[in-house]
Structure formats: C-alpha cells, structure tokens
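Student: My file is my_file_16.pdb. It has PDB, C-alpha atoms, pLDDT in the B column:
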ATOM      1  CA  MET A  78     316.758 107.073 187.088  1.00 88.00           C
ATOM      2  CA  LYS A  79     318.597 103.930 185.952  1.00 92.00           C
ATOM      3  CA  ASP A  80     315.424 101.842 185.662  1.00 94.00           C
ATOM      4  CA  GLY A  81     313.642 104.641 183.774  1.00 95.00           C
ATOM      5  CA  ILE A  82     316.511 104.907 181.300  1.00 97.00           C
ATOM      6  CA  ILE A  83     316.537 101.147 180.731  1.00 97.00           C
ATOM      7  CA  LEU A  84     312.783 101.181 180.073  1.00 96.00           C
ATOM      8  CA  PHE A  85     313.125 104.189 177.720  1.00 97.00           C
ATOM      9  CA  LEU A  86     315.895 102.449 175.766  1.00 97.00           C
ATOM     10  CA  LYS A  87     313.986  99.151 175.624  1.00 97.00           C
ATOM     11  CA  GLU A  88     310.732 100.752 174.451  1.00 96.00           C
ATOM     12  CA  ASN A  89     312.091 103.436 172.120  1.00 96.00           C
ATOM     13  CA  ILE A  90     315.688 102.868 170.998  1.00 96.00           C
ATOM     14  CA  ILE A  91     316.764  99.212 171.042  1.00 97.00           C
ATOM     15  CA  GLY A  92     315.997  97.475 167.754  1.00 95.00           C
ATOM     16  CA  ARG A  93     315.284 100.694 165.868  1.00 92.00           C
ATOM     17  CA  ASN A  94     317.043 101.628 162.634  1.00 93.00           C
ATOM     18  CA  LEU A  95     318.093 105.272 162.490  1.00 94.00           C
ATOM     19  CA  PHE A  96     319.342 107.000 159.353  1.00 92.00           C
ATOM     20  CA  THR A  97     321.569 110.035 158.885  1.00 89.00           C
ATOM     21  CA  GLU A  98     321.275 111.957 155.642  1.00 89.00           C
ATOM     22  CA  ASP A  99     324.465 113.375 154.097  1.00 93.00           C
ATOM     23  CA  VAL A 100     326.292 115.734 156.428  1.00 92.00           C
ATOM     24  CA  VAL A 101     329.028 117.877 154.855  1.00 94.00           C
ATOM     25  CA  TYR A 102     331.825 119.228 157.067  1.00 93.00           C
ATOM     26  CA  LYS A 103     335.178 120.985 156.661  1.00 92.00           C
ATOM     27  CA  LEU A 104     338.546 120.135 158.226  1.00 89.00           C
ATOM     28  CA  GLU A 105     341.932 121.844 158.265  1.00 88.00           C
ATOM     29  CA  ASN A 106     340.636 125.344 157.528  1.00 88.00           C
ATOM     30  CA  GLY A 107     338.766 124.159 154.432  1.00 90.00           C
ATOM     31  CA  LYS A 108     341.605 122.086 152.928  1.00 91.00           C
ATOM     32  CA  LEU A 109     339.517 118.941 153.462  1.00 93.00           C
ATOM     33  CA  GLU A 110     335.788 118.338 153.072  1.00 94.00           C
ATOM     34  CA  GLY A 111     333.983 115.323 154.457  1.00 94.00           C
ATOM     35  CA  VAL A 112     330.643 113.798 153.510  1.00 95.00           C
ATOM     36  CA  TYR A 113     329.072 111.481 156.096  1.00 94.00           C
ATOM     37  CA  SER A 114     325.892 109.388 156.203  1.00 95.00           C
ATOM     38  CA  ASP A 115     325.024 106.262 158.128  1.00 94.00           C
ATOM     39  CA  ARG A 116     322.485 103.782 159.386  1.00 96.00           C
ATOM     40  CA  MET A 117     322.528 102.988 163.117  1.00 96.00           C
ATOM     41  CA  ILE A 118     321.072 100.021 164.937  1.00 97.00           C
ATOM     42  CA  PHE A 119     320.988  99.853 168.740  1.00 97.00           C
ATOM     43  CA  SER A 120     320.978  96.364 170.254  1.00 97.00           C
ATOM     44  CA  ASP A 121     322.036  94.005 173.029  1.00 98.00           C
ATOM     45  CA  LEU A 122     320.642  95.957 175.988  1.00 98.00           C
ATOM     46  CA  VAL A 123     321.801  94.255 179.185  1.00 97.00           C
ATOM     47  CA  GLN A 124     320.971  95.322 182.726  1.00 97.00           C
ATOM     48  CA  THR A 125     323.932  94.945 185.074  1.00 96.00           C
ATOM     49  CA  GLU A 126     324.036  95.041 188.872  1.00 95.00           C
ATOM     50  CA  ASN A 127     324.553  98.822 188.956  1.00 96.00           C
ATOM     51  CA  GLY A 128     323.741  99.934 185.426  1.00 97.00           C
ATOM     52  CA  PHE A 129     323.334  98.790 181.853  1.00 98.00           C
ATOM     53  CA  LYS A 130     325.121  98.381 178.548  1.00 98.00           C
ATOM     54  CA  PHE A 131     324.119  98.274 174.902  1.00 98.00           C
ATOM     55  CA  ASN A 132     325.698  98.252 171.466  1.00 98.00           C
ATOM     56  CA  MET A 133     325.412 100.672 168.589  1.00 97.00           C
ATOM     57  CA  THR A 134     326.171  99.317 165.108  1.00 97.00           C
ATOM     58  CA  THR A 135     326.864 101.917 162.431  1.00 95.00           C
ATOM     59  CA  ILE A 136     326.873 101.221 158.720  1.00 96.00           C
ATOM     60  CA  THR A 137     328.760 104.285 157.576  1.00 94.00           C
ATOM     61  CA  HIS A 138     329.557 105.937 154.278  1.00 96.00           C
ATOM     62  CA  GLU A 139     332.168 108.641 154.891  1.00 93.00           C
ATOM     63  CA  LEU A 140     334.581 110.137 152.399  1.00 94.00           C
ATOM     64  CA  ILE A 141     337.010 112.968 153.102  1.00 93.00           C
ATOM     65  CA  TYR A 142     338.137 114.870 150.025  1.00 94.00           C
ATOM     66  CA  ASN A 143     341.104 117.116 149.341  1.00 92.00           C
ATOM     67  CA  VAL A 144     339.844 120.565 148.336  1.00 93.00           C
ATOM     68  CA  ASP A 145     341.611 122.918 145.925  1.00 92.00           C
ATOM     69  CA  ASN A 146     341.942 126.700 146.283  1.00 90.00           C
ATOM     70  CA  LYS A 147     338.638 127.166 144.391  1.00 92.00           C
ATOM     71  CA  ASP A 148     336.800 125.067 147.013  1.00 91.00           C
ATOM     72  CA  ASN A 149     336.377 122.130 144.603  1.00 94.00           C
ATOM     73  CA  ARG A 150     336.790 118.534 145.729  1.00 95.00           C
ATOM     74  CA  THR A 151     339.748 116.880 144.052  1.00 93.00           C
ATOM     75  CA  THR A 152     340.863 113.441 145.292  1.00 92.00           C
ATOM     76  CA  VAL A 153     339.674 111.251 148.154  1.00 92.00           C
ATOM     77  CA  ALA A 154     341.977 111.826 151.116  1.00 89.00           C
ATOM     78  CA  LYS A 155     340.376 109.173 153.342  1.00 89.00           C
ATOM     79  CA  ASP A 156     337.591 106.611 153.032  1.00 91.00           C
ATOM     80  CA  TYR A 157     336.009 105.717 156.396  1.00 91.00           C
ATOM     81  CA  THR A 158     333.235 103.602 154.849  1.00 95.00           C
ATOM     82  CA  GLY A 159     332.401 100.432 156.765  1.00 95.00           C
ATOM     83  CA  THR A 160     330.512  98.841 159.628  1.00 96.00           C
ATOM     84  CA  SER A 161     331.470  99.414 163.263  1.00 95.00           C
ATOM     85  CA  VAL A 162     330.135  98.214 166.600  1.00 97.00           C
ATOM     86  CA  PHE A 163     330.428 100.443 169.666  1.00 96.00           C
ATOM     87  CA  CYS A 164     329.694  99.372 173.239  1.00 98.00           C
ATOM     88  CA  TYR A 165     328.175 101.799 175.740  1.00 98.00           C
ATOM     89  CA  GLU A 166     328.431 100.822 179.397  1.00 98.00           C
ATOM     90  CA  LEU A 167     327.105 102.945 182.257  1.00 98.00           C
ATOM     91  CA  ALA A 168     326.792 102.382 186.005  1.00 98.00           C
ATOM     92  CA  MET A 169     325.244 104.242 188.925  1.00 97.00           C
ATOM     93  CA  ARG A 170     327.879 105.599 191.320  1.00 97.00           C
ATOM     94  CA  LYS A 171     326.962 105.003 194.946  1.00 96.00           C
ATOM     95  CA  SER A 172     329.111 107.959 196.051  1.00 97.00           C
ATOM     96  CA  THR A 173     327.239 110.555 193.963  1.00 97.00           C
ATOM     97  CA  GLY A 174     324.054 108.917 192.673  1.00 95.00           C
ATOM     98  CA  GLN A 175     325.203 109.749 189.142  1.00 96.00           C
ATOM     99  CA  LEU A 176     325.482 107.519 186.081  1.00 97.00           C
ATOM    100  CA  THR A 177     328.891 107.525 184.421  1.00 98.00           C
ATOM    101  CA  GLY A 178     330.579 105.161 182.031  1.00 98.00           C
ATOM    102  CA  TYR A 179     332.351 104.784 178.740  1.00 98.00           C
ATOM    103  CA  MET A 180     331.955 104.076 175.048  1.00 97.00           C
ATOM    104  CA  ARG A 181     334.446 102.207 172.891  1.00 96.00           C
ATOM    105  CA  CYS A 182     334.686 100.600 169.471  1.00 95.00           C
ATOM    106  CA  ILE A 183     334.653  96.810 169.772  1.00 95.00           C
ATOM    107  CA  SER A 184     334.904  95.924 166.069  1.00 95.00           C
ATOM    108  CA  THR A 185     335.034  97.590 162.668  1.00 94.00           C
ATOM    109  CA  THR A 186     335.490  96.851 158.983  1.00 95.00           C
ATOM    110  CA  VAL A 187     336.773 100.395 158.287  1.00 92.00           C
ATOM    111  CA  LYS A 188     340.245 100.157 156.765  1.00 90.00           C
ATOM    112  CA  ASN A 189     342.944 102.249 158.474  1.00 82.00           C
ATOM    113  CA  GLN A 190     340.364 103.364 161.020  1.00 83.00           C
ATOM    114  CA  THR A 191     341.149 105.810 163.807  1.00 79.00           C
ATOM    115  CA  MET A 192     338.931 104.356 166.575  1.00 82.00           C
ATOM    116  CA  GLU A 193     341.249 101.528 167.645  1.00 85.00           C
ATOM    117  CA  ALA A 194     342.072 101.809 171.366  1.00 89.00           C
ATOM    118  CA  VAL A 195     339.904 104.940 171.722  1.00 91.00           C
ATOM    119  CA  VAL A 196     337.573 105.324 174.703  1.00 96.00           C
ATOM    120  CA  CYS A 197     335.138 108.121 175.541  1.00 97.00           C
ATOM    121  CA  GLY A 198     334.124 108.806 179.125  1.00 97.00           C
ATOM    122  CA  ILE A 199     330.392 109.405 179.654  1.00 98.00           C
ATOM    123  CA  PHE A 200     329.182 111.887 182.291  1.00 98.00           C
ATOM    124  CA  ASP A 201     326.468 114.466 183.036  1.00 98.00           C
ATOM    125  CA  VAL A 202     323.748 111.900 182.277  1.00 98.00           C
ATOM    126  CA  ASN A 203     320.236 113.378 182.454  1.00 97.00           C
ATOM    127  CA  PHE A 204     316.859 111.757 181.864  1.00 97.00           C
ATOM    128  CA  ASP A 205     313.408 113.363 182.171  1.00 96.00           C
ATOM    129  CA  ASP A 206     311.215 110.490 180.839  1.00 92.00           C
ATOM    130  CA  LYS A 207     311.178 112.142 177.380  1.00 92.00           C
ATOM    131  CA  GLU A 208     314.849 112.475 176.499  1.00 96.00           C
ATOM    132  CA  LEU A 209     318.127 110.945 177.564  1.00 97.00           C
ATOM    133  CA  LYS A 210     321.282 113.001 177.233  1.00 98.00           C
ATOM    134  CA  TRP A 211     324.903 112.967 178.299  1.00 98.00           C
ATOM    135  CA  GLN A 212     328.334 114.274 177.430  1.00 98.00           C
ATOM    136  CA  GLU A 213     331.296 112.319 176.117  1.00 97.00           C
ATOM    137  CA  ASN A 214     334.973 113.206 176.555  1.00 96.00           C
ATOM    138  CA  GLN A 215     337.482 111.271 174.524  1.00 95.00           C
ATOM    139  CA  LEU A 216     340.387 110.014 176.600  1.00 94.00           C
ATOM    140  CA  LEU A 217     343.889 110.636 175.234  1.00 93.00           C
ATOM    141  CA  TYR A 218     343.728 111.261 171.456  1.00 93.00           C
ATOM    142  CA  ARG A 219     343.270 109.659 168.046  1.00 91.00           C
ATOM    143  CA  ASP A 220     344.466 110.460 164.549  1.00 91.00           C
ATOM    144  CA  SER A 221     342.705 113.039 162.388  1.00 87.00           C
ATOM    145  CA  PRO A 222     343.565 113.369 158.685  1.00 82.00           C
ATOM    146  CA  ILE A 223     345.221 116.609 157.562  1.00 84.00           C
ATOM    147  CA  GLY A 224     345.719 115.705 153.888  1.00 77.00           C
ATOM    148  CA  ASP A 225     348.472 114.129 151.793  1.00 78.00           C
ATOM    149  CA  GLY A 226     348.268 110.926 153.866  1.00 79.00           C
ATOM    150  CA  ASN A 227     349.278 112.773 157.059  1.00 86.00           C
ATOM    151  CA  TYR A 228     347.540 112.906 160.430  1.00 89.00           C
ATOM    152  CA  LYS A 229     347.534 114.973 163.600  1.00 91.00           C
ATOM    153  CA  PRO A 230     346.521 114.093 167.169  1.00 95.00           C
ATOM    154  CA  ALA A 231     342.918 115.106 167.898  1.00 94.00           C
ATOM    155  CA  ALA A 232     340.066 114.312 170.269  1.00 94.00           C
ATOM    156  CA  PHE A 233     336.294 114.450 169.936  1.00 90.00           C
ATOM    157  CA  ASP A 234     334.055 115.572 172.761  1.00 95.00           C
ATOM    158  CA  ALA A 235     330.329 115.350 172.160  1.00 96.00           C
ATOM    159  CA  LYS A 236     326.901 116.142 173.481  1.00 98.00           C
ATOM    160  CA  VAL A 237     324.598 113.165 172.947  1.00 97.00           C
ATOM    161  CA  ARG A 238     320.812 113.083 173.096  1.00 97.00           C
ATOM    162  CA  PHE A 239     318.155 110.426 172.489  1.00 96.00           C
ATOM    163  CA  HIS A 240     314.569 111.595 172.092  1.00 96.00           C
ATOM    164  CA  LEU A 241     311.402 110.921 170.122  1.00 95.00           C
ATOM    165  CA  ASP A 242     310.107 113.189 167.373  1.00 94.00           C
ATOM    166  CA  LYS A 243     306.546 112.276 166.354  1.00 93.00           C
ATOM    167  CA  GLY A 244     307.196 108.693 167.444  1.00 89.00           C
ATOM    168  CA  LYS A 245     310.521 108.427 165.603  1.00 91.00           C
ATOM    169  CA  ALA A 246     313.688 107.769 167.594  1.00 93.00           C
ATOM    170  CA  VAL A 247     316.336 110.459 167.203  1.00 93.00           C
ATOM    171  CA  PHE A 248     320.015 110.105 168.147  1.00 93.00           C
ATOM    172  CA  GLU A 249     321.659 113.521 168.218  1.00 94.00           C
ATOM    173  CA  TYR A 250     325.461 113.645 168.333  1.00 93.00           C
ATOM    174  CA  LEU A 251     327.045 117.101 168.428  1.00 93.00           C
ATOM    175  CA  PRO A 252     330.846 116.743 168.341  1.00 91.00           C
ATOM    176  CA  THR A 253     333.608 119.213 169.004  1.00 94.00           C
ATOM    177  CA  LEU A 254     336.993 118.378 167.455  1.00 90.00           C
ATOM    178  CA  TRP A 255     340.030 119.433 169.498  1.00 94.00           C
ATOM    179  CA  ASP A 256     343.685 119.535 168.522  1.00 94.00           C
ATOM    180  CA  VAL A 257     345.702 117.678 171.164  1.00 96.00           C
ATOM    181  CA  ASN A 258     349.278 118.155 172.327  1.00 96.00           C
ATOM    182  CA  PRO A 259     350.444 114.505 172.597  1.00 94.00           C
ATOM    183  CA  ASP A 260     353.068 115.378 175.258  1.00 95.00           C
ATOM    184  CA  THR A 261     350.783 117.258 177.678  1.00 94.00           C
ATOM    185  CA  LEU A 262     347.400 115.832 176.480  1.00 92.00           C
ATOM    186  CA  VAL A 263     346.019 119.391 176.527  1.00 93.00           C
TER     187      VAL A 263
END
Using the file provided, produce a representation of the structure as structure tokens.

Tutor:
Amino acid sequence: MKDGIILFLKENIIGRNLFTEDVVYKLENGKLEGVYSDRMIFSDLVQTENGFKFNMTTITHELIYNVDNKDNRTTVAKDYTGTSVFCYELAMRKSTGQLTGYMRCISTTVKNQTMEAVVCGIFDVNFDDKELKWQENQLLYRDSPIGDGNYKPAAFDAKVRFHLDKGKAVFEYLPTLWDVNPDTLV
C-alpha cells in the first residue's frame, strides 16, 4: 500500500496547483460568517524507511465577519489571509500493517493565527489505486473566534480524500468543528 500511495502522490498530486472557490460558512449560531478560498501546492515528497512525508502550501484568503440580526455582514472579526506550509508525515506500523501519522503547520504568514503548536493525528488510511483517503483528529485544542475579539477552545476533525476527476487532482477536506472543554479535553 505504501509504495502505491507514494506513486499515486508522485504522479497525480505533487507539483499540482489546486484551487478552492469561495466557500461561505457560519460560526457561533450565525453570529459570524466566514468566506474562504485558497490555492494549494503539494511538494517535497520524501520516502522514508517506513513511510513518506510531503508538504502542502496554502495561499489562503479567509475573512470572518460579524453578522447583525438581519444576517448582514458588518465588520471583519478575523482575517486569516496568508501563506502557510503544512507537513504530512505517515509511516507503516509493523504491529498492524496500517499507515498512521500526523500533520502540523511548520510556517505561516497569517497574523494572529490559530495553528501554532497544533497537530492532527492521521489514521484510517485507505488507498484503492484511484483515491487516497484518511481521517484526521486534532490533538488537544486551538482557538476559534467567537466575535468581539474573543475566542473559545475548539478542535477540527476531518475526512480527507485525494482523487482525480477527469484528470484533475482533487483534495477534499470535510471538517467537523468541536467545542472542547480545556480541563477534560472532551
């Protein structure tokens, strides 16, 4: 499986530019509205003794707006615009024959970013020669804006999938945002 994934990444993902059109989302029961778009570049694929690693660079435009009681955007609550580099590292586990690993942000130009010291565990990796998918669980928590310059502890879990659509590389990231109790980490 590991060698097939490396070949799939090398032939179909590494070096490609992927674009996300505007995605609009709501936070805090509609009190905040975000608009997100980006360009992603996957690079630096390295085969290791038991696995592989690669980087994902995102050039992101993301604004989160305060929303009034008529559902109109008012002021910008947070600007997450910038460039970030994330490292994915996975390895085959001899005990189970499964690939697991982690993803973390290694650099960013985003001011007051919330990805510092955040790591996501990668598990449930599946590959069928046509698509590569896995799940990510964020360890601990990070800050999530709640408006008026305030934040709450939150974590993102995600389902991730790479596949080709008519020869075009597709990176699908389906996140779930969780509130986190910082004392119990539940």

Student: Can you turn the PyMOL selection byres ((chain A and resi 239-254) around 12) into a concrete residue list for this file, as a PyMOL selection string?

Tutor: chain A and resi 82+85-97+102-105+115-119+133+202-215+218-221+229-238+255-257

Student: For stretch 125-141 of chain A, I'd like the enclosing box, axis-aligned and padded by 3 Å on every side, reported as JSON with centre and edge lengths in Å to one decimal.

Tutor:
{"center_x": 330.2, "center_y": 104.0, "center_z": 170.7, "size_x": 19.7, "size_y": 24.0, "size_z": 42.6}

Student: So how far away is atom CA of A:Leu176 from atom CA of A:Met78, in Å?

Tutor: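 Distance between the two atoms: 8.8 Å.
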
Student: Starting from the PyMOL selection byres ((chain A and resi 153) around 10), expand the selection into actual residues of this file and give them as a list in words.

Tutor: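 Matching residues under the PyMOL selection byres ((chain A and resi 153) around 10) are Leu109, Glu110, Gly111, Leu140, Ile141, Tyr142, Asn143, Val144, Arg150, Thr151, Thr152, Ala154, Lys155, Asp156, Gly224 and Asp225 of chain A.
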
Student: Choose the residue, out of A:Thr135, A:Gln124, A:Asp145, A:Ser161, that has the smallest atom-to-atom separation from A:Lys188; count only C-alpha atoms.

Tutor: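 Closest candidate: A:Ser161.
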
Student: Please measure the separation of atom CA of A:Ser120 and atom CA of A:Tyr165, giving the value in Å to one decimal.

Tutor: 10.6 Å

Student: For the PyMOL selection byres ((chain A and resi 184) around 7), applied here, can you spell out every residue it catches as a ChimeraX atom specification?

Tutor: /A:161-162,182-183,185

Student: Would you mind telling me which residue in A:Leu217, A:Ala194, A:Ile199, A:Leu84 lies nearest to A:Glu166 when using all atoms listed in the file?

Tutor: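 Residue with the minimum atom-to-atom distance to A:Glu166: A:Ile199.
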
Student: Work out how far atom CA of A:Lys130 is from atom CA of A:Cys164, in Å to one decimal.

Tutor: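 Distance between the two atoms: 7.1 Å.
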